[in-house]
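This report refers to the structure that appears directly beneath it.
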Amino acid sequence: MNVMLWIVQGLLAALFLLAGITKLTRPRDELTRQLPWVDDFSTPVVRGIGAAEFAGAAGLVLPAVTGIATVLTPLAATGLAIIMVGAIVVHLRRGEPPAIAFNTVLLIGAVLVAWGRFGPYAF
């Protein structure tokens, strides 16, 4: 189970790292073409989501790898799960089923990591 959690952590970290960097570095008009929901939010909010995703990605892996403040790993997973709940709500309102499905998969992964690292497979 520990190996599976590491795999899920790594995959989630890679996805959220890419998503966070994209939201932090791309111009708004380019983001709008890739992510239509960006039109519903101000630029600072989109950048804030990107920063939270970037920090969450780092928090999934770095504390566990370094052995420093390992409680941050399940906390990062919990934070990313909360972000995914918000994303699902946004995509439900916009009527975007493929995005809902993708965000649900990410939510399940984040909840699995939070459960495992807070509980029986803590560091």
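In the structure tokens, chains take letters A, B, ... by order of appearance, with residues numbered from 1 within each chain and ligands from 1 in the order shown.
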
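For A:Tyr121, the list of residues within 8 Å, based on only C-alpha atoms and with local chain neighbours fewer than 5 positions off taken out, reads Met1, Asn2 and Gly116 of chain A.
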
For A:Gly50, please output as a compact mmCIF listing (two decimals) with N, CA, C and O atoms, in the first residue's frame all residues within 6 Å (counting only C-alpha atoms; exclusion window: fewer than 5 positions along the same chain).
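Output file around11.txt is given in full below:
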```txt
# COMPACT_ATOMS: atom_id res chain seq x y z
N GLY A 20 -0.53 24.06 -12.04
CA GLY A 20 -0.18 25.27 -11.31
C GLY A 20 0.73 26.18 -12.11
O GLY A 20 0.51 27.39 -12.19
N LYS A 23 -1.25 27.92 -14.89
CA LYS A 23 -2.10 29.02 -14.41
C LYS A 23 -1.28 30.22 -13.93
O LYS A 23 -1.73 31.35 -13.99
N LEU A 24 -0.07 29.97 -13.48
CA LEU A 24 0.79 31.05 -12.99
C LEU A 24 1.52 31.78 -14.10
O LEU A 24 1.85 32.96 -13.94
```

* Asked: From the list A:Leu17, A:Val85, A:Leu72, A:Leu92, which residue is nearest A:Val113 when using only C-alpha atoms?
  ->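 The shortest atom-to-atom distance to A:Val113 comes from A:Leu72.
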
* **Coordinates-based distance that separates atom CA of A:Arg47 from atom CA of A:Gly95 (Å, one decimal)** => 23.2 Å

* To do: Choose the residue, out of A:Phe54, A:Val3, A:Pro63, A:Val45, that has the smallest atom-to-atom separation from A:Ala19; count only C-alpha atoms.
  => A:Phe54

* Write out as a PyMOL selection string the residues lying within 10 Å of stretch 87-91 of chain A, counting only C-alpha atoms and excluding same-chain residues fewer than 2 positions away. => chain A and resi 37+40+81-85+93-104+107

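Remark: for A:Thr43, the closest of the candidate residues A:Ala55, A:Ala114, A:Leu31, A:Leu60 is A:Leu31 (distances computed over only C-alpha atoms).
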
Can you pull out the residues contacting A:Thr32? Cut-off 12 Å, using only C-alpha atoms, and skip same-chain residues under 3 positions away; I want them as a CSV table (one decimal) with N, CA and C atoms, in the first residue's frame.
```
chain,number,residue,atom,x,y,z
A,22,THR,N,1.0,26.3,-15.3
A,22,THR,CA,0.3,26.8,-16.4
A,22,THR,C,-0.6,28.0,-16.0
A,23,LYS,N,-1.3,27.9,-14.9
A,23,LYS,CA,-2.1,29.0,-14.4
A,23,LYS,C,-1.3,30.2,-13.9
A,26,ARG,N,0.9,31.5,-17.9
A,26,ARG,CA,0.3,31.8,-19.2
A,26,ARG,C,-0.5,33.1,-19.1
A,27,PRO,N,-0.6,33.8,-20.2
A,27,PRO,CA,-1.4,35.0,-20.3
A,27,PRO,C,-2.9,34.6,-20.2
A,28,ARG,N,-3.7,35.5,-19.7
A,28,ARG,CA,-5.1,35.2,-19.5
A,28,ARG,C,-5.8,34.8,-20.8
A,29,ASP,N,-5.6,35.4,-21.9
A,29,ASP,CA,-6.2,35.0,-23.2
A,29,ASP,C,-5.9,33.6,-23.6
A,35,LEU,N,-8.7,26.7,-21.0
A,35,LEU,CA,-9.5,26.5,-19.8
A,35,LEU,C,-10.7,27.5,-19.8
A,36,PRO,N,-11.8,27.2,-20.5
A,36,PRO,CA,-12.9,28.2,-20.6
A,36,PRO,C,-13.4,28.7,-19.3
A,37,TRP,N,-13.3,28.0,-18.2
A,37,TRP,CA,-13.8,28.5,-17.0
A,37,TRP,C,-13.1,29.7,-16.4
A,38,VAL,N,-11.9,30.0,-17.0
A,38,VAL,CA,-11.1,31.1,-16.6
A,38,VAL,C,-11.9,32.4,-16.7
A,39,ASP,N,-12.8,32.5,-17.7
A,39,ASP,CA,-13.7,33.7,-18.0
A,39,ASP,C,-14.5,34.0,-16.8
A,40,ASP,N,-14.8,33.0,-15.9
A,40,ASP,CA,-15.7,33.2,-14.8
A,40,ASP,C,-15.0,33.8,-13.6
A,41,PHE,N,-13.7,33.9,-13.6
A,41,PHE,CA,-12.9,34.4,-12.5
A,41,PHE,C,-11.9,35.5,-12.9
A,42,SER,N,-11.6,36.3,-11.9
A,42,SER,CA,-10.6,37.3,-12.1
A,42,SER,C,-9.2,36.7,-12.2
A,43,THR,N,-8.3,37.4,-12.8
A,43,THR,CA,-6.9,37.0,-13.0
A,43,THR,C,-6.2,36.6,-11.7
A,46,VAL,N,-7.4,33.2,-10.5
A,46,VAL,CA,-6.8,32.1,-11.3
A,46,VAL,C,-5.4,31.9,-10.9
```

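Atom CA of A:Val111 is found 6.7 Å from atom CA of A:Ala77.
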
* **Straight-line distance linking atom CA of A:Ala52 with atom CA of A:Phe16, stated in Å to one decimal** =>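 Atom CA of A:Ala52 sits 9.1 Å away from atom CA of A:Phe16.
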
* Using only C-alpha atoms, determine which residues lie at most 9 Å from A:Phe123, disregarding the query and same-chain residues fewer than 4 positions distant; provide the list as a ChimeraX atom specification. => /A:64,67,70-71,117-118

Could those selected residues go to a file with C-alpha atoms, as a JSON list (two decimals), in the first residue's frame?
```json
[["chain", "number", "residue", "atom", "x", "y", "z"],
["A", 64, "ALA", "CA", 8.07, 12.97, 2.62],
["A", 67, "GLY", "CA", 11.67, 13.73, 6.22],
["A", 70, "THR", "CA", 5.98, 15.06, 7.06],
["A", 71, "VAL", "CA", 2.55, 16.03, 8.34],
["A", 117, "ARG", "CA", -0.76, 9.43, 5.13],
["A", 118, "PHE", "CA", -2.88, 10.64, 8.06]]
```
